[in-house]
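final_11.cif (mmCIF, C-alpha atoms)
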```
data_entry
#
loop_
_atom_site.group_PDB
_atom_site.id
_atom_site.type_symbol
_atom_site.label_atom_id
_atom_site.label_comp_id
_atom_site.auth_asym_id
_atom_site.auth_seq_id
_atom_site.Cartn_x
_atom_site.Cartn_y
_atom_site.Cartn_z
ATOM 1 C CA MET S 1 62.707 0.029 -41.319
ATOM 2 C CA LEU S 2 66.332 1.045 -41.260
ATOM 3 C CA GLY S 3 67.369 -1.705 -38.883
ATOM 4 C CA ARG S 4 66.009 -3.684 -35.974
ATOM 5 C CA TRP S 5 67.042 -5.207 -32.701
ATOM 6 C CA LEU S 6 66.630 -8.984 -32.774
ATOM 7 C CA GLY S 7 65.723 -10.473 -29.443
ATOM 8 C CA ASN S 8 64.174 -8.813 -26.414
ATOM 9 C CA ARG S 9 66.133 -6.638 -24.035
ATOM 10 C CA ARG S 10 66.781 -8.511 -20.882
ATOM 11 C CA ASN S 11 68.601 -8.110 -17.596
ATOM 12 C CA ALA S 12 70.632 -10.992 -16.191
ATOM 13 C CA ARG S 13 73.087 -11.290 -13.348
ATOM 14 C CA ARG S 14 76.730 -11.225 -14.362
ATOM 15 C CA GLY S 15 77.853 -14.586 -15.716
ATOM 16 C CA GLY S 16 78.988 -16.443 -18.830
ATOM 17 C CA PRO S 17 81.321 -14.493 -21.128
ATOM 18 C CA LEU S 18 80.919 -11.335 -19.046
ATOM 19 C CA SER S 19 81.777 -12.948 -15.752
ATOM 20 C CA ALA S 20 85.362 -11.667 -15.915
ATOM 21 C CA MET S 21 84.214 -8.036 -16.206
ATOM 22 C CA THR S 22 84.652 -5.758 -13.208
ATOM 23 C CA VAL S 23 81.385 -3.875 -12.796
ATOM 24 C CA PRO S 24 81.403 -1.083 -10.180
ATOM 25 C CA PRO S 25 78.539 -0.722 -7.696
ATOM 26 C CA SER S 26 75.473 1.039 -9.171
ATOM 27 C CA ALA S 27 76.633 0.050 -12.699
ATOM 28 C CA GLY S 28 75.835 -2.663 -15.200
ATOM 29 C CA ALA S 29 77.041 -4.164 -18.466
ATOM 30 C CA LEU S 30 75.552 -3.227 -21.828
ATOM 31 C CA SER S 31 76.171 -5.334 -24.921
ATOM 32 C CA CYS S 32 74.989 -6.032 -28.446
ATOM 33 C CA ARG S 33 76.100 -7.731 -31.645
ATOM 34 C CA VAL S 34 75.985 -5.940 -35.001
ATOM 35 C CA LEU S 35 75.145 -7.995 -38.104
ATOM 36 C CA ASP S 36 74.436 -7.345 -41.769
ATOM 37 C CA VAL S 37 71.405 -8.615 -43.681
ATOM 38 C CA VAL S 38 72.954 -12.052 -44.240
ATOM 39 C CA ASN S 39 73.821 -12.344 -40.537
ATOM 40 C CA GLU S 40 77.532 -11.706 -41.018
ATOM 41 C CA PRO S 41 79.200 -9.665 -38.240
ATOM 42 C CA VAL S 42 79.944 -6.016 -38.954
ATOM 43 C CA GLY S 43 83.357 -5.226 -37.485
ATOM 44 C CA ARG S 44 84.372 -1.652 -36.709
ATOM 45 C CA ALA S 45 80.793 -0.419 -36.540
ATOM 46 C CA GLU S 46 80.651 2.727 -34.401
ATOM 47 C CA LEU S 47 78.338 2.790 -31.377
ATOM 48 C CA THR S 48 77.444 5.813 -29.272
ATOM 49 C CA VAL S 49 75.551 5.476 -25.998
ATOM 50 C CA THR S 50 73.812 8.605 -24.681
ATOM 51 C CA ASP S 51 71.778 9.377 -21.556
ATOM 52 C CA PRO S 52 68.250 10.899 -21.619
ATOM 53 C CA ALA S 53 69.784 14.399 -21.740
ATOM 54 C CA GLY S 54 71.691 13.510 -24.919
ATOM 55 C CA ARG S 55 75.117 13.407 -23.270
ATOM 56 C CA VAL S 56 77.547 10.803 -24.566
ATOM 57 C CA VAL S 57 78.236 8.207 -21.869
ATOM 58 C CA VAL S 58 80.433 5.850 -23.882
ATOM 59 C CA SER S 59 81.374 5.278 -27.511
ATOM 60 C CA GLY S 60 83.464 2.731 -29.370
ATOM 61 C CA GLY S 61 83.634 0.211 -32.160
ATOM 62 C CA THR S 62 82.654 -3.416 -32.547
ATOM 63 C CA ASP S 63 85.296 -6.140 -32.602
ATOM 64 C CA PRO S 64 85.853 -8.353 -35.692
ATOM 65 C CA TYR S 65 82.915 -10.503 -34.569
ATOM 66 C CA GLY S 66 80.518 -7.560 -34.400
ATOM 67 C CA GLN S 67 80.464 -7.528 -30.590
ATOM 68 C CA PHE S 68 80.239 -4.432 -28.395
ATOM 69 C CA VAL S 69 80.380 -4.476 -24.573
ATOM 70 C CA ALA S 70 80.566 -1.531 -22.171
ATOM 71 C CA THR S 71 80.128 -0.845 -18.469
ATOM 72 C CA VAL S 72 77.779 2.072 -17.709
ATOM 73 C CA PRO S 73 75.916 3.452 -14.696
ATOM 74 C CA ALA S 74 72.476 1.947 -14.207
ATOM 75 C CA GLY S 75 69.821 3.841 -16.129
ATOM 76 C CA GLU S 76 68.025 4.427 -19.439
ATOM 77 C CA TYR S 77 70.063 4.856 -22.607
ATOM 78 C CA ARG S 78 69.863 5.446 -26.332
ATOM 79 C CA MET S 79 72.253 3.615 -28.647
ATOM 80 C CA ALA S 80 73.246 4.832 -32.115
ATOM 81 C CA VAL S 81 74.905 2.369 -34.486
ATOM 82 C CA ALA S 82 76.660 3.414 -37.696
ATOM 83 C CA ALA S 83 78.910 1.644 -40.194
ATOM 84 C CA GLU S 84 80.272 2.498 -43.625
ATOM 85 C CA GLY S 85 77.839 1.422 -46.339
ATOM 86 C CA TYR S 86 74.922 0.870 -43.950
ATOM 87 C CA THR S 87 71.925 2.917 -42.868
ATOM 88 C CA PRO S 88 72.396 4.179 -39.275
ATOM 89 C CA TYR S 89 70.189 2.755 -36.562
ATOM 90 C CA ARG S 90 68.997 4.006 -33.177
ATOM 91 C CA GLY S 91 67.585 1.996 -30.306
ATOM 92 C CA SER S 92 67.186 2.059 -26.528
ATOM 93 C CA ALA S 93 68.269 -0.024 -23.548
ATOM 94 C CA THR S 94 67.748 -0.204 -19.802
ATOM 95 C CA VAL S 95 70.706 -1.141 -17.611
ATOM 96 C CA GLY S 96 70.146 -2.364 -14.045
ATOM 97 C CA GLU S 97 72.586 -2.326 -11.137
ATOM 98 C CA GLY S 98 74.889 -5.330 -11.200
ATOM 99 C CA ALA S 99 73.108 -6.689 -14.277
ATOM 100 C CA HIS S 100 73.878 -7.410 -17.910
ATOM 101 C CA ALA S 101 71.556 -5.669 -20.353
ATOM 102 C CA SER S 102 71.776 -7.289 -23.777
ATOM 103 C CA VAL S 103 69.951 -5.615 -26.623
ATOM 104 C CA GLY S 104 70.590 -8.670 -28.773
ATOM 105 C CA ASP S 105 71.476 -8.500 -32.452
ATOM 106 C CA VAL S 106 71.387 -5.238 -34.386
ATOM 107 C CA LEU S 107 70.619 -5.867 -38.039
ATOM 108 C CA LEU S 108 71.964 -3.096 -40.278
ATOM 109 C CA GLN S 109 70.427 -2.493 -43.679
ATOM 110 C CA PRO S 110 72.601 -1.477 -46.656
ATOM 111 C CA ALA S 111 72.549 2.253 -47.280
ATOM 112 C CA PRO S 112 71.015 3.303 -50.583
ATOM 113 C CA PRO S 113 73.767 4.393 -52.988
ATOM 114 C CA GLN S 114 74.242 8.103 -53.557
ATOM 115 C CA PRO S 115 73.279 9.160 -57.102
ATOM 116 C CA LEU S 116 76.397 9.721 -59.192
ATOM 117 C CA PRO S 117 77.091 12.796 -61.347
ATOM 118 C CA VAL S 118 76.006 12.557 -64.974
ATOM 119 C CA ALA S 119 78.597 11.668 -67.576
ATOM 120 C CA GLY S 120 80.505 14.589 -69.044
ATOM 121 C CA ASP S 121 83.196 17.143 -68.242
ATOM 122 C CA TRP S 122 83.310 18.663 -64.761
ATOM 123 C CA THR S 123 85.763 21.060 -63.111
ATOM 124 C CA VAL S 124 86.992 21.418 -59.538
ATOM 125 C CA GLU S 125 85.676 24.609 -57.967
ATOM 126 C CA PRO S 126 88.506 26.034 -55.815
ATOM 127 C CA ALA S 127 86.191 28.358 -53.843
ATOM 128 C CA HIS S 128 84.490 25.351 -52.240
ATOM 129 C CA SER S 129 87.409 22.924 -52.291
ATOM 130 C CA SER S 130 90.600 22.512 -50.286
ATOM 131 C CA ILE S 131 93.841 20.526 -50.442
ATOM 132 C CA GLY S 132 95.466 20.237 -47.050
ATOM 133 C CA PHE S 133 98.242 18.251 -45.407
ATOM 134 C CA THR S 134 99.477 17.241 -41.967
ATOM 135 C CA ALA S 135 103.094 16.504 -41.060
ATOM 136 C CA ARG S 136 105.003 15.770 -37.880
ATOM 137 C CA HIS S 137 107.324 18.465 -36.538
ATOM 138 C CA ILE S 138 110.438 17.352 -34.580
ATOM 139 C CA GLY S 139 108.734 14.027 -34.009
ATOM 140 C CA MET S 140 106.013 15.483 -31.773
ATOM 141 C CA ALA S 141 103.558 18.205 -32.753
ATOM 142 C CA ARG S 142 101.568 18.119 -35.967
ATOM 143 C CA ILE S 143 101.904 20.904 -38.512
ATOM 144 C CA HIS S 144 98.839 21.628 -40.651
ATOM 145 C CA GLY S 145 99.013 23.348 -43.997
ATOM 146 C CA ARG S 146 97.318 23.714 -47.352
ATOM 147 C CA PHE S 147 97.865 24.647 -50.978
ATOM 148 C CA ASN S 148 95.941 27.785 -51.844
ATOM 149 C CA THR S 149 96.087 27.575 -55.646
ATOM 150 C CA PHE S 150 95.053 24.547 -57.697
ATOM 151 C CA ALA S 151 92.879 23.512 -60.613
ATOM 152 C CA GLY S 152 91.297 20.242 -61.611
ATOM 153 C CA ALA S 153 89.193 18.596 -64.292
ATOM 154 C CA LEU S 154 87.146 15.414 -64.116
ATOM 155 C CA ARG S 155 85.748 13.541 -67.099
ATOM 156 C CA ILE S 156 82.972 11.274 -65.828
ATOM 157 C CA GLY S 157 82.311 8.230 -67.969
ATOM 158 C CA GLU S 158 79.057 6.443 -68.637
ATOM 159 C CA ARG S 159 80.334 4.096 -65.924
ATOM 160 C CA MET S 160 82.099 5.807 -63.052
ATOM 161 C CA GLU S 161 84.918 3.269 -63.391
ATOM 162 C CA GLU S 162 85.652 4.767 -66.827
ATOM 163 C CA SER S 163 86.279 8.268 -65.465
ATOM 164 C CA ALA S 164 89.523 10.283 -65.443
ATOM 165 C CA LEU S 165 90.853 13.023 -63.160
ATOM 166 C CA HIS S 166 93.623 15.598 -63.580
ATOM 167 C CA VAL S 167 94.665 18.003 -60.809
ATOM 168 C CA VAL S 168 97.442 20.618 -60.963
ATOM 169 C CA ILE S 169 98.682 22.322 -57.771
ATOM 170 C CA ASP S 170 100.824 25.460 -57.587
ATOM 171 C CA ALA S 171 103.714 24.373 -55.339
ATOM 172 C CA ALA S 172 104.517 27.960 -54.343
ATOM 173 C CA SER S 173 101.037 28.365 -52.865
ATOM 174 C CA ILE S 174 101.946 26.180 -49.874
ATOM 175 C CA ASP S 175 100.707 27.816 -46.686
ATOM 176 C CA THR S 176 101.286 26.751 -43.060
ATOM 177 C CA ASN S 177 100.529 30.228 -41.661
ATOM 178 C CA VAL S 178 104.206 30.803 -40.806
ATOM 179 C CA ARG S 179 106.050 32.812 -43.447
ATOM 180 C CA MET S 180 109.561 31.686 -42.517
ATOM 181 C CA ARG S 181 108.547 28.023 -42.578
ATOM 182 C CA ASP S 182 106.671 28.452 -45.873
ATOM 183 C CA ASP S 183 109.733 30.059 -47.488
ATOM 184 C CA HIS S 184 111.809 27.107 -46.315
ATOM 185 C CA LEU S 185 109.289 24.608 -47.703
ATOM 186 C CA ARG S 186 109.460 26.385 -51.079
ATOM 187 C CA SER S 187 113.268 26.230 -51.095
ATOM 188 C CA ALA S 188 115.535 23.595 -52.626
ATOM 189 C CA ASP S 189 115.544 21.786 -49.271
ATOM 190 C CA PHE S 190 111.955 20.681 -49.846
ATOM 191 C CA LEU S 191 109.640 21.436 -52.787
ATOM 192 C CA ASP S 192 112.217 23.411 -54.811
ATOM 193 C CA VAL S 193 109.490 25.429 -56.519
ATOM 194 C CA GLU S 194 111.945 27.176 -58.844
ATOM 195 C CA ARG S 195 112.692 23.852 -60.559
ATOM 196 C CA PHE S 196 109.372 22.109 -59.929
ATOM 197 C CA PRO S 197 106.609 24.745 -59.900
ATOM 198 C CA THR S 198 103.672 22.314 -59.866
ATOM 199 C CA LEU S 199 102.427 19.076 -58.386
ATOM 200 C CA GLU S 200 100.256 17.022 -60.753
ATOM 201 C CA PHE S 201 97.981 14.058 -60.241
ATOM 202 C CA TYR S 202 96.384 12.088 -63.070
ATOM 203 C CA SER S 203 94.128 9.069 -62.668
ATOM 204 C CA ASP S 204 91.952 6.932 -64.903
ATOM 205 C CA ARG S 205 91.534 4.096 -62.404
ATOM 206 C CA PHE S 206 88.349 4.453 -60.343
ATOM 207 C CA ALA S 207 87.523 1.320 -58.333
ATOM 208 C CA HIS S 208 84.326 0.956 -56.313
ATOM 209 C CA ARG S 209 84.980 -0.424 -52.822
ATOM 210 C CA GLY S 210 81.336 -0.627 -51.763
ATOM 211 C CA GLY S 211 78.851 1.879 -50.417
ATOM 212 C CA ASN S 212 80.130 5.388 -51.082
ATOM 213 C CA ARG S 213 83.818 4.402 -50.958
ATOM 214 C CA TRP S 214 86.097 4.488 -53.984
ATOM 215 C CA ASN S 215 89.789 4.033 -54.681
ATOM 216 C CA VAL S 216 91.155 6.565 -57.144
ATOM 217 C CA THR S 217 94.621 5.401 -58.232
ATOM 218 C CA GLY S 218 96.929 7.438 -60.413
ATOM 219 C CA ALA S 219 100.334 9.032 -60.996
ATOM 220 C CA LEU S 220 101.505 11.845 -58.727
ATOM 221 C CA SER S 221 104.371 13.987 -60.023
ATOM 222 C CA LEU S 222 106.139 15.819 -57.210
ATOM 223 C CA HIS S 223 109.657 17.236 -56.995
ATOM 224 C CA GLY S 224 110.535 15.783 -60.401
ATOM 225 C CA VAL S 225 109.499 12.239 -59.417
ATOM 226 C CA THR S 226 106.354 10.340 -60.401
ATOM 227 C CA ARG S 227 104.878 7.668 -58.154
ATOM 228 C CA THR S 228 101.642 5.684 -58.041
ATOM 229 C CA VAL S 229 99.291 6.988 -55.357
ATOM 230 C CA THR S 230 95.837 5.793 -54.286
ATOM 231 C CA LEU S 231 93.266 8.207 -52.864
ATOM 232 C CA ASP S 232 90.893 6.636 -50.331
ATOM 233 C CA THR S 233 87.781 8.497 -51.429
ATOM 234 C CA GLU S 234 84.354 8.962 -49.877
ATOM 235 C CA TYR S 235 81.702 10.187 -52.308
ATOM 236 C CA LEU S 236 79.405 12.668 -50.514
ATOM 237 C CA GLY S 237 76.658 12.978 -53.105
ATOM 238 C CA LEU S 238 74.966 15.540 -55.328
ATOM 239 C CA GLY S 239 73.506 18.939 -54.502
ATOM 240 C CA ASN S 240 72.676 22.305 -55.997
ATOM 241 C CA GLY S 241 74.423 25.650 -55.668
ATOM 242 C CA MET S 242 72.960 29.085 -54.984
ATOM 243 C CA GLU S 243 71.951 29.453 -58.628
ATOM 244 C CA GLY S 244 70.598 25.942 -58.944
ATOM 245 C CA GLU S 245 73.691 24.543 -60.646
ATOM 246 C CA PRO S 246 74.418 20.866 -59.950
ATOM 247 C CA ARG S 247 77.368 20.061 -57.704
ATOM 248 C CA ALA S 248 79.015 16.881 -56.482
ATOM 249 C CA ALA S 249 81.383 16.476 -53.552
ATOM 250 C CA CYS S 250 83.924 13.999 -52.212
ATOM 251 C CA ARG S 251 86.568 13.719 -49.535
ATOM 252 C CA ALA S 252 89.822 11.841 -50.094
ATOM 253 C CA VAL S 253 92.923 11.027 -48.072
ATOM 254 C CA THR S 254 96.299 9.484 -48.818
ATOM 255 C CA GLU S 255 99.726 9.259 -47.211
ATOM 256 C CA LEU S 256 102.950 10.262 -48.943
ATOM 257 C CA HIS S 257 106.500 9.374 -47.950
ATOM 258 C CA ARG S 258 109.076 12.093 -48.539
ATOM 259 C CA ASP S 259 111.796 9.650 -49.505
ATOM 260 C CA ASP S 260 109.648 8.348 -52.378
ATOM 261 C CA PHE S 261 109.889 11.785 -53.977
ATOM 262 C CA THR S 262 113.571 12.404 -53.097
ATOM 263 C CA ILE S 263 112.621 15.051 -50.552
ATOM 264 C CA THR S 264 115.252 13.739 -48.179
ATOM 265 C CA TRP S 265 116.410 16.905 -46.436
ATOM 266 C CA GLN S 266 117.212 15.968 -42.836
ATOM 267 C CA THR S 267 118.292 18.652 -40.417
ATOM 268 C CA MET S 268 118.770 16.791 -37.194
ATOM 269 C CA LEU S 269 118.371 18.160 -33.728
ATOM 270 C CA ALA S 270 120.945 17.457 -31.058
ATOM 271 C CA ARG S 271 118.973 14.393 -29.995
ATOM 272 C CA GLY S 272 118.756 13.048 -33.522
ATOM 273 C CA ILE S 273 115.110 13.797 -34.313
ATOM 274 C CA ALA S 274 114.226 14.831 -37.863
ATOM 275 C CA VAL S 275 112.633 18.287 -38.036
ATOM 276 C CA VAL S 276 110.028 17.028 -40.517
ATOM 277 C CA GLY S 277 108.629 13.524 -40.274
ATOM 278 C CA PRO S 278 109.021 10.961 -43.076
ATOM 279 C CA SER S 279 105.307 10.771 -43.957
ATOM 280 C CA ILE S 280 102.717 13.398 -44.807
ATOM 281 C CA GLU S 281 98.951 12.912 -44.809
ATOM 282 C CA ILE S 282 97.092 14.641 -47.644
ATOM 283 C CA THR S 283 93.398 15.504 -47.309
ATOM 284 C CA LEU S 284 91.241 16.712 -50.184
ATOM 285 C CA ASP S 285 87.748 18.153 -49.831
ATOM 286 C CA ILE S 286 86.494 18.645 -53.356
ATOM 287 C CA GLN S 287 83.400 20.086 -55.022
ATOM 288 C CA ILE S 288 82.939 19.791 -58.770
ATOM 289 C CA VAL S 289 80.597 21.604 -61.152
ATOM 290 C CA PRO S 290 79.822 20.964 -64.832
ATOM 291 C CA LYS S 291 82.399 22.527 -67.127
ATOM 292 C CA GLY S 292 81.222 25.788 -68.604
#
```
Starting from the file, give its structure as structure tokens.
Amino acid sequence: MLGRWLGNRRNARRGGPLSAMTVPPSAGALSCRVLDVVNEPVGRAELTVTDPAGRVVVSGGTDPYGQFVATVPAGEYRMAVAAEGYTPYRGSATVGEGAHASVGDVLLQPAPPQPLPVAGDWTVEPAHSSIGFTARHIGMARIHGRFNTFAGALRIGERMEESALHVVIDAASIDTNVRMRDDHLRSADFLDVERFPTLEFYSDRFAHRGGNRWNVTGALSLHGVTRTVTLDTEYLGLGNGMEGEPRAACRAVTELHRDDFTITWQTMLARGIAVVGPSIEITLDIQIVPKG
């Protein structure tokens, strides 16, 4: 069993810790506590409450003590509980008018680990991979872009912690879908692709964080400067391609600060807002295949 509710569902008039809640007429309070297998609270677990038609009524996360409380119209509900490193769980609850429906403790079971790729040399497949970024524009809207040309190699060790990764990105392949802006980003004001044609990332520090989460820490060379960068990485597992070839996939994110790489161009608007924000979020969706 993937998880279980401990304790019986029950309806009780408002009181105790929920007495301060304002519950509208024809509504009630719904609560639970999310725990792991050693009865420790699971903070930041995600809960979704849906009605019989499958429509989301309320969603949110648990507090640091594993608690979740919401006010919902009286009726029948399904609750889905998910947390990183745990097997998802689904249960049901009935909420009465002016009542508190507690579904008790939700016990989450650890998720089975995804099988890792076999040791050996693998390559990043660009056709099924992407390297994107998001930056602020004039302090308000977000600008989304990507690098269209890149290559990567991954040597997987007998232990995943002994692996190494090398990625090379063509700086001139930056693409935000606006030609004038892309030309400016390639200029000496930003990436200066004439002097620094590539971005390179090398790592031999793979640290398991639990579940399918890893930290991949390495050296990023950008704009003639090298800095240590950590990729917050989620391993997505193994699969097979159209011809039966093995594939593995992951998703990683990190945040870069322009000043760290001496990309300090600041054209200011009349009100003193930088055209491009100081930080840029990088997102990588990567598929790898065995070399050769």
Could you spell out the hits of the PyMOL selection byres ((chain S and resi 166) around 12) on the shown file, as a PDB file with C-alpha atoms, keeping the file's coordinate frame?
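Saved to result.pdb:
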```
ATOM      1  CA  ASP S 121      83.196  17.143 -68.242  1.00  0.00           C
ATOM      2  CA  TRP S 122      83.310  18.663 -64.761  1.00  0.00           C
ATOM      3  CA  THR S 123      85.763  21.060 -63.111  1.00  0.00           C
ATOM      4  CA  VAL S 124      86.992  21.418 -59.538  1.00  0.00           C
ATOM      5  CA  PHE S 150      95.053  24.547 -57.697  1.00  0.00           C
ATOM      6  CA  ALA S 151      92.879  23.512 -60.613  1.00  0.00           C
ATOM      7  CA  GLY S 152      91.297  20.242 -61.611  1.00  0.00           C
ATOM      8  CA  ALA S 153      89.193  18.596 -64.292  1.00  0.00           C
ATOM      9  CA  LEU S 154      87.146  15.414 -64.116  1.00  0.00           C
ATOM     10  CA  ARG S 155      85.748  13.541 -67.099  1.00  0.00           C
ATOM     11  CA  ILE S 156      82.972  11.274 -65.828  1.00  0.00           C
ATOM     12  CA  SER S 163      86.279   8.268 -65.465  1.00  0.00           C
ATOM     13  CA  ALA S 164      89.523  10.283 -65.443  1.00  0.00           C
ATOM     14  CA  LEU S 165      90.853  13.023 -63.160  1.00  0.00           C
ATOM     15  CA  VAL S 167      94.665  18.003 -60.809  1.00  0.00           C
ATOM     16  CA  VAL S 168      97.442  20.618 -60.963  1.00  0.00           C
ATOM     17  CA  ILE S 169      98.682  22.322 -57.771  1.00  0.00           C
ATOM     18  CA  LEU S 199     102.427  19.076 -58.386  1.00  0.00           C
ATOM     19  CA  GLU S 200     100.256  17.022 -60.753  1.00  0.00           C
ATOM     20  CA  PHE S 201      97.981  14.058 -60.241  1.00  0.00           C
ATOM     21  CA  TYR S 202      96.384  12.088 -63.070  1.00  0.00           C
ATOM     22  CA  SER S 203      94.128   9.069 -62.668  1.00  0.00           C
ATOM     23  CA  ASP S 204      91.952   6.932 -64.903  1.00  0.00           C
ATOM     24  CA  ARG S 205      91.534   4.096 -62.404  1.00  0.00           C
ATOM     25  CA  VAL S 216      91.155   6.565 -57.144  1.00  0.00           C
ATOM     26  CA  THR S 217      94.621   5.401 -58.232  1.00  0.00           C
ATOM     27  CA  GLY S 218      96.929   7.438 -60.413  1.00  0.00           C
ATOM     28  CA  ALA S 219     100.334   9.032 -60.996  1.00  0.00           C
ATOM     29  CA  LEU S 220     101.505  11.845 -58.727  1.00  0.00           C
ATOM     30  CA  SER S 221     104.371  13.987 -60.023  1.00  0.00           C
TER      31      SER S 221
END
```
Next on the checklist: Selection in question (the file shown): the PyMOL selection byres ((chain S and resi 286) around 7). Which residues does it include, as a PyMOL selection string?
Outcome noted: chain S and resi 124+129-130+249-251+284-285+287-288
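When CA of Thr149 in chain S is paired with CA of Thr176 in chain S, their separation reads 13.6 Å.
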Next item on the list: Report the residues retrieved by the PyMOL selection byres ((chain S and resi 257) around 6) from the displayed file, expressed as a PyMOL selection string.
Entry: chain S and resi 256+258-260+278-279
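Nearest to Ala45 in chain S of all the residues S:Leu30, S:Val23, S:Tyr86, S:Arg195 is S:Tyr86, based on only C-alpha atoms.
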Across S:Gly157, S:Pro110, S:Gly54, S:Pro73, the smallest distance to Gly85 in chain S, with all atoms listed in the file counted, is shown by S:Pro110
(message) Give me the residues near range 88-97 of chain S as a PyMOL selection string, where near means some atom within 6 Å (using all atoms listed in the file) and where sequence neighbours in that chain fewer than 3 positions away do not count.
(response) chain S and resi 3+26-28+74-82+101
re CA of Trp214 in chain S and CA of Ala252 in chain S: distance 9.1 Å
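Here the question is which of S:Leu236, S:Met180, S:Val57, S:Leu35 gets nearest to Gln114 in chain S using only C-alpha atoms, and that residue is S:Leu236.
Between Ser31 in chain S and the residues S:Leu222, S:Leu108, S:Met160, S:Ala99, the shortest atom-to-atom distance, using only C-alpha atoms, involves S:Ala99.
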Residue neighbourhood Ser59 in chain S, 10 Å, only C-alpha atoms, exclusion window fewer than 5 positions, as an NGL selection string = :S and (46-50 or 68 or 70 or 79-81)
Just to be explicit: take each residue in the selection above, keep C-alpha atoms, and write the result as a PDB file, keeping the file's coordinate frame.
```
ATOM      1  CA  GLU S  46      80.651   2.727 -34.401  1.00  0.00           C
ATOM      2  CA  LEU S  47      78.338   2.790 -31.377  1.00  0.00           C
ATOM      3  CA  THR S  48      77.444   5.813 -29.272  1.00  0.00           C
ATOM      4  CA  VAL S  49      75.551   5.476 -25.998  1.00  0.00           C
ATOM      5  CA  THR S  50      73.812   8.605 -24.681  1.00  0.00           C
ATOM      6  CA  PHE S  68      80.239  -4.432 -28.395  1.00  0.00           C
ATOM      7  CA  ALA S  70      80.566  -1.531 -22.171  1.00  0.00           C
ATOM      8  CA  MET S  79      72.253   3.615 -28.647  1.00  0.00           C
ATOM      9  CA  ALA S  80      73.246   4.832 -32.115  1.00  0.00           C
ATOM     10  CA  VAL S  81      74.905   2.369 -34.486  1.00  0.00           C
TER      11      VAL S  81
END
```
